[in-house]
file upload-v8.txt (compact mmCIF, C-alpha atoms)
# COMPACT_ATOMS: atom_id res chain seq x y z
CA MET A 1 74.79 -17.92 -89.79
CA GLY A 2 72.82 -16.06 -87.14
CA ILE A 3 69.02 -15.98 -86.91
CA SER A 4 68.85 -12.32 -87.85
CA THR A 5 70.99 -12.86 -90.96
CA ARG A 6 68.78 -15.79 -92.03
CA ALA A 7 65.67 -13.65 -91.51
CA ILE A 8 67.11 -10.90 -93.70
CA GLU A 9 67.84 -13.39 -96.48
CA LEU A 10 64.33 -14.87 -96.32
CA ARG A 11 62.83 -11.41 -96.37
CA ALA A 12 64.86 -10.45 -99.46
CA GLN A 13 63.87 -13.69 -101.19
CA LEU A 14 60.17 -13.13 -100.42
CA LYS A 15 60.36 -9.57 -101.71
CA SER A 16 62.03 -10.67 -104.94
CA GLU A 17 59.15 -13.11 -105.50
CA GLY A 18 56.56 -10.34 -105.05
CA GLY A 19 55.55 -11.29 -101.53
CA ASP A 20 54.33 -8.90 -98.80
CA VAL A 21 57.22 -8.00 -96.48
CA SER A 22 55.37 -5.26 -94.57
CA GLY A 23 54.84 -7.48 -91.58
CA ARG A 24 51.05 -6.87 -91.48
CA HIS A 25 48.61 -9.74 -91.11
CA ARG A 26 46.69 -10.45 -94.28
CA ARG A 27 43.14 -11.81 -94.03
CA ALA A 28 42.22 -14.63 -96.35
CA PRO A 29 39.56 -13.50 -98.87
CA TRP A 30 37.14 -16.20 -97.71
CA SER A 31 37.39 -15.48 -93.96
CA LEU A 32 34.85 -12.61 -93.69
CA PRO A 33 31.99 -14.40 -95.52
CA ALA A 34 32.67 -17.51 -93.45
CA PHE A 35 32.53 -15.54 -90.21
CA ALA A 36 29.25 -13.83 -91.22
CA THR A 37 27.68 -17.20 -92.07
CA PHE A 38 28.75 -18.63 -88.71
CA VAL A 39 27.24 -15.70 -86.79
CA THR A 40 23.96 -16.00 -88.72
CA PHE A 41 23.57 -19.71 -87.98
CA ALA A 42 24.48 -19.18 -84.33
CA PHE A 43 21.81 -16.47 -83.94
CA LEU A 44 19.14 -18.67 -85.55
CA ALA A 45 20.08 -21.60 -83.36
CA VAL A 46 19.72 -19.53 -80.17
CA THR A 47 16.47 -17.91 -81.32
CA LEU A 48 14.69 -21.07 -82.48
CA ALA A 49 15.91 -23.44 -79.80
CA PRO A 50 13.24 -24.33 -77.20
CA PRO A 51 13.99 -23.22 -73.63
CA PRO A 52 15.35 -25.85 -71.28
CA THR A 53 12.75 -27.74 -69.26
CA GLY A 54 11.99 -26.04 -65.98
CA SER A 55 13.43 -22.68 -67.04
CA THR A 56 11.70 -19.54 -65.85
CA TYR A 57 11.81 -16.27 -67.73
CA ALA A 58 10.65 -12.83 -66.57
CA ALA A 59 9.47 -10.35 -69.18
CA THR A 60 9.59 -6.62 -68.64
CA GLY A 61 6.34 -4.69 -68.52
CA PRO A 62 3.00 -5.60 -66.92
CA HIS A 63 2.44 -9.28 -66.22
CA LEU A 64 -0.35 -10.79 -68.29
CA SER A 65 -1.59 -14.10 -66.96
CA GLY A 66 -4.04 -16.45 -68.57
CA GLU A 67 -6.77 -14.91 -66.46
CA THR A 68 -8.44 -11.67 -67.40
CA GLN A 69 -7.13 -8.65 -65.52
CA SER A 70 -9.03 -5.38 -65.33
CA VAL A 71 -7.37 -1.98 -65.13
CA ASP A 72 -9.42 0.96 -63.95
CA VAL A 73 -9.34 3.93 -66.25
CA ALA A 74 -10.60 7.42 -65.55
CA GLY A 75 -14.10 7.77 -66.90
CA ASP A 76 -16.72 5.12 -67.54
CA TYR A 77 -14.48 2.46 -69.07
CA SER A 78 -11.97 -0.19 -68.06
CA LEU A 79 -9.33 -2.00 -70.09
CA SER A 80 -9.41 -5.77 -69.77
CA ALA A 81 -6.09 -7.41 -70.58
CA GLU A 82 -5.93 -11.05 -71.63
CA ARG A 83 -3.08 -13.14 -73.01
CA ASP A 84 -2.67 -12.29 -76.70
CA ALA A 85 -5.81 -10.13 -76.66
CA PHE A 86 -7.15 -6.81 -75.44
CA SER A 87 -10.75 -5.73 -75.05
CA VAL A 88 -12.45 -2.61 -73.80
CA SER A 89 -15.66 -3.01 -71.85
CA GLU A 90 -17.97 -0.32 -70.59
CA ILE A 91 -18.53 -0.03 -66.88
CA ARG A 92 -21.45 2.06 -65.72
CA VAL A 93 -20.31 4.30 -62.89
CA ALA A 94 -22.93 6.32 -61.06
CA PRO A 95 -21.94 9.99 -61.46
CA THR A 96 -21.89 12.22 -58.43
CA ALA A 97 -23.69 15.51 -58.11
CA PRO A 98 -22.27 18.80 -56.83
CA ALA A 99 -21.71 18.68 -53.08
CA VAL A 100 -24.29 20.36 -50.86
CA GLY A 101 -24.13 21.62 -47.31
CA ILE A 102 -26.28 20.91 -44.30
CA PRO A 103 -29.86 22.05 -45.02
CA ASP A 104 -31.91 24.34 -42.81
CA ALA A 105 -33.50 22.59 -39.85
CA GLY A 106 -37.13 21.63 -40.40
CA SER A 107 -36.89 21.85 -44.20
CA ALA A 108 -37.79 19.00 -46.52
CA GLN A 109 -34.12 18.55 -47.31
CA ALA A 110 -33.28 18.31 -43.60
CA ILE A 111 -35.86 15.53 -43.25
CA ALA A 112 -34.37 13.79 -46.28
CA LEU A 113 -30.82 14.08 -44.90
CA GLU A 114 -31.85 12.37 -41.67
CA MET A 115 -33.45 9.52 -43.62
CA VAL A 116 -30.49 9.20 -46.00
CA LEU A 117 -28.02 8.87 -43.12
CA ALA A 118 -30.34 6.41 -41.35
CA ARG A 119 -30.10 4.15 -44.42
CA GLY A 120 -26.31 4.13 -44.14
CA TRP A 121 -25.71 6.44 -47.09
CA ASP A 122 -23.29 9.36 -46.96
CA MET A 123 -23.28 13.00 -48.00
CA THR A 124 -22.37 12.06 -51.55
CA GLU A 125 -25.67 10.19 -51.85
CA PHE A 126 -27.49 13.10 -50.24
CA SER A 127 -25.97 15.46 -52.81
CA CYS A 128 -27.28 13.20 -55.59
CA LEU A 129 -30.73 13.18 -53.97
CA VAL A 130 -30.77 16.98 -53.69
CA ALA A 131 -29.83 17.34 -57.36
CA LEU A 132 -32.38 14.72 -58.44
CA TRP A 133 -35.39 16.13 -56.60
CA THR A 134 -34.41 19.72 -57.33
CA ARG A 135 -34.69 18.78 -61.00
CA GLU A 136 -37.96 16.92 -60.47
CA SER A 137 -39.93 19.22 -58.17
CA ASN A 138 -37.59 21.78 -56.60
CA TRP A 139 -38.48 20.04 -53.31
CA ASN A 140 -42.07 21.29 -53.46
CA ALA A 141 -44.46 18.86 -51.78
CA TYR A 142 -47.34 20.25 -53.89
CA SER A 143 -45.55 20.10 -57.23
CA HIS A 144 -47.84 18.68 -59.91
CA ASN A 145 -46.95 17.89 -63.49
CA SER A 146 -50.07 18.66 -65.48
CA SER A 147 -48.96 16.69 -68.52
CA SER A 148 -47.89 13.46 -66.82
CA GLY A 149 -49.77 13.62 -63.53
CA ALA A 150 -46.59 13.16 -61.45
CA TYR A 151 -46.89 14.62 -57.97
CA GLY A 152 -44.93 15.69 -54.92
CA ILE A 153 -41.24 15.96 -54.12
CA PRO A 154 -40.28 12.64 -55.73
CA GLN A 155 -42.79 13.16 -58.58
CA ALA A 156 -44.58 9.88 -58.01
CA LEU A 157 -46.64 8.74 -61.01
CA PRO A 158 -49.42 8.63 -60.17
CA GLY A 159 -49.22 10.52 -56.90
CA GLU A 160 -51.54 8.02 -55.21
CA LYS A 161 -48.67 5.52 -55.13
CA MET A 162 -47.31 7.39 -52.13
CA ALA A 163 -50.32 6.32 -50.07
CA SER A 164 -48.34 3.16 -49.26
CA ALA A 165 -46.12 5.39 -47.08
CA GLY A 166 -48.97 7.28 -45.38
CA ASP A 167 -52.45 8.70 -45.82
CA ASP A 168 -51.08 12.23 -45.75
CA TRP A 169 -49.02 11.63 -48.89
CA ALA A 170 -50.48 14.66 -50.68
CA THR A 171 -49.28 17.20 -48.13
CA ASN A 172 -46.58 15.73 -45.89
CA PRO A 173 -42.99 16.03 -47.18
CA ALA A 174 -41.80 13.30 -44.77
CA THR A 175 -44.30 10.80 -46.19
CA GLN A 176 -43.33 11.69 -49.75
CA ILE A 177 -39.61 11.42 -48.96
CA THR A 178 -40.11 8.05 -47.26
CA TRP A 179 -41.88 6.71 -50.33
CA GLY A 180 -39.37 8.31 -52.70
CA LEU A 181 -36.34 6.79 -50.96
CA GLY A 182 -38.02 3.38 -51.00
CA TYR A 183 -38.67 3.73 -54.72
CA ILE A 184 -35.06 4.75 -55.38
CA THR A 185 -33.71 1.86 -53.31
CA ASP A 186 -35.87 -0.73 -55.08
CA ARG A 187 -35.22 0.56 -58.59
CA TYR A 188 -31.73 2.13 -58.57
CA GLY A 189 -30.07 1.04 -55.35
CA THR A 190 -28.94 4.50 -54.29
CA PRO A 191 -29.74 8.17 -54.97
CA CYS A 192 -26.59 8.44 -57.09
CA GLY A 193 -27.82 5.50 -59.14
CA ALA A 194 -31.11 7.33 -59.72
CA TRP A 195 -29.25 10.56 -60.47
CA GLY A 196 -27.09 8.79 -63.04
CA HIS A 197 -30.20 7.45 -64.79
CA SER A 198 -31.77 10.89 -64.73
CA GLU A 199 -28.62 12.40 -66.24
CA GLU A 200 -28.66 9.82 -69.02
CA LYS A 201 -32.39 9.56 -69.74
CA GLY A 202 -33.84 12.79 -68.36
CA TRP A 203 -36.11 10.92 -65.97
CA TYR A 204 -35.88 8.33 -63.20
call {"tool": "encode", "arguments": {"input": "upload-v8.txt", "output": "structure tokens"}}
result
Amino acid sequence: MGISTRAIELRAQLKSEGGDVSGRHRRAPWSLPAFATFVTFAFLAVTLAPPPTGSTYAATGPHLSGETQSVDVAGDYSLSAERDAFSVSEIRVAPTAPAVGIPDAGSAQAIALEMVLARGWDMTEFSCLVALWTRESNWNAYSHNSSSGAYGIPQALPGEKMASAGDDWATNPATQITWGLGYITDRYGTPCGAWGHSEEKGWY
């Protein structure tokens, strides 16, 4: 009896007994749940297992070390990033004033510009100084505040303080400016520092 004849007989016998003779593979009813269980345990094992000693992993995104890193942000704030924590801290940034041009020769502002540059400051600082003393006295060496007693271009209070820069403090713009720049340096560091305080408090 040939192989094909034997196969036909076995097929007929299987069909008579109610078997599947379609030739398709039949999955055991327990196979799918078993496979799902295996995949679940495999995933948990990979997830919970500690990394091998000496392994190095690189995460996407910005690197956060154990040390605090600061990121500058537009405005008066910075974002400090720490491992597992974030904090926002305020940073005081001296605002700048509108830019100004070169003043007329011989004017009080021209004298001030020469002194500003001699101190190593730039035109940005000069712009802050112009804005500050325009607000205080409009660059008038004889400006007097009747309510407070402040006097001169820098509005010294009292005006007699400017005598440390020269006996002609009441009339000489150069003497007043010399004293005023010394006061700004000692108290605010730079004209823009003084301007920032004036913007915030209304005085310097």
call {"tool": "atom_distance", "arguments": {"input": "upload-v8.txt", "atom1": "CA of Ala97 in chain A", "atom2": "CA of Cys128 in chain A"}}
result
5.0 Å
call {"tool": "residues_around", "arguments": {"input": "upload-v8.txt", "residues": "Gly166 in chain A", "least_positions_apart": "2", "cutoff": "9 Å", "atoms": "only C-alpha atoms", "output": "CSV table (one decimal) with C-alpha atoms, keeping the file's coordinate frame"}}
result
chain,number,residue,atom,x,y,z
A,162,MET,CA,-47.3,7.4,-52.1
A,163,ALA,CA,-50.3,6.3,-50.1
A,164,SER,CA,-48.3,3.2,-49.3
A,168,ASP,CA,-51.1,12.2,-45.8
A,169,TRP,CA,-49.0,11.6,-48.9
A,172,ASN,CA,-46.6,15.7,-45.9
A,175,THR,CA,-44.3,10.8,-46.2
A,176,GLN,CA,-43.3,11.7,-49.8
A,179,TRP,CA,-41.9,6.7,-50.3
call {"tool": "atom_distance", "arguments": {"input": "upload-v8.txt", "atom1": "CA of Leu117 in chain A", "atom2": "CA of Ala150 in chain A"}}
result
26.4 Å
call {"tool": "atom_distance", "arguments": {"input": "upload-v8.txt", "atom1": "CA of Gly202 in chain A", "atom2": "CA of Ser107 in chain A"}}
result
26.0 Å
call {"tool": "residues_around", "arguments": {"input": "upload-v8.txt", "residues": "Leu181 in chain A", "least_positions_apart": "4", "cutoff": "10 Å", "atoms": "only C-alpha atoms", "output": "PyMOL selection string"}}
result
chain A and resi 112+115-116+119+129+154+176-177+185-187+189-191
call {"tool": "write_last_selection", "arguments": {"input": "upload-v8.txt", "atoms": "C-alpha atoms", "output": "PDB file, in the coordinates of the input"}}
result
ATOM      1  CA  ALA A 112     -34.370  13.790 -46.280  1.00  0.00           C
ATOM      2  CA  MET A 115     -33.450   9.520 -43.620  1.00  0.00           C
ATOM      3  CA  VAL A 116     -30.490   9.200 -46.000  1.00  0.00           C
ATOM      4  CA  ARG A 119     -30.100   4.150 -44.420  1.00  0.00           C
ATOM      5  CA  LEU A 129     -30.730  13.180 -53.970  1.00  0.00           C
ATOM      6  CA  PRO A 154     -40.280  12.640 -55.730  1.00  0.00           C
ATOM      7  CA  GLN A 176     -43.330  11.690 -49.750  1.00  0.00           C
ATOM      8  CA  ILE A 177     -39.610  11.420 -48.960  1.00  0.00           C
ATOM      9  CA  THR A 185     -33.710   1.860 -53.310  1.00  0.00           C
ATOM     10  CA  ASP A 186     -35.870  -0.730 -55.080  1.00  0.00           C
ATOM     11  CA  ARG A 187     -35.220   0.560 -58.590  1.00  0.00           C
ATOM     12  CA  GLY A 189     -30.070   1.040 -55.350  1.00  0.00           C
ATOM     13  CA  THR A 190     -28.940   4.500 -54.290  1.00  0.00           C
ATOM     14  CA  PRO A 191     -29.740   8.170 -54.970  1.00  0.00           C
TER      15      PRO A 191
END
call {"tool": "residues_around", "arguments": {"input": "upload-v8.txt", "residues": "His144 in chain A", "least_positions_apart": "5", "cutoff": "10 Å", "atoms": "all atoms listed in the file", "output": "compact mmCIF listing (two decimals) with C-alpha atoms, in the frame of the given file"}}
result
# COMPACT_ATOMS: atom_id res chain seq x y z
CA SER A 137 -39.93 19.22 -58.17
CA GLY A 149 -49.77 13.62 -63.53
CA ALA A 150 -46.59 13.16 -61.45
CA TYR A 151 -46.89 14.62 -57.97
CA GLY A 152 -44.93 15.69 -54.92
CA ILE A 153 -41.24 15.96 -54.12
CA GLN A 155 -42.79 13.16 -58.58
CA ALA A 156 -44.58 9.88 -58.01
CA GLY A 159 -49.22 10.52 -56.90
call {"tool": "residues_around", "arguments": {"input": "upload-v8.txt", "residues": "Ser198 in chain A", "least_positions_apart": "2", "cutoff": "12 Å", "atoms": "all atoms listed in the file", "output": "list in words"}}
result
Ala94, Pro95, Thr96, Ala97, Cys128, Leu129, Ala131, Leu132, Trp133, Thr134, Arg135, Glu136, Ile184, Tyr188, Pro191, Cys192, Gly193, Ala194, Trp195, Gly196, Glu200, Lys201, Gly202, Trp203 and Tyr204 of chain A
call {"tool": "closest_residue", "arguments": {"input": "upload-v8.txt", "among": "A:Pro173, A:Tyr183, A:Pro158, A:Asn145", "to": "Gly106 in chain A", "atoms": "only C-alpha atoms"}}
result
A:Pro173
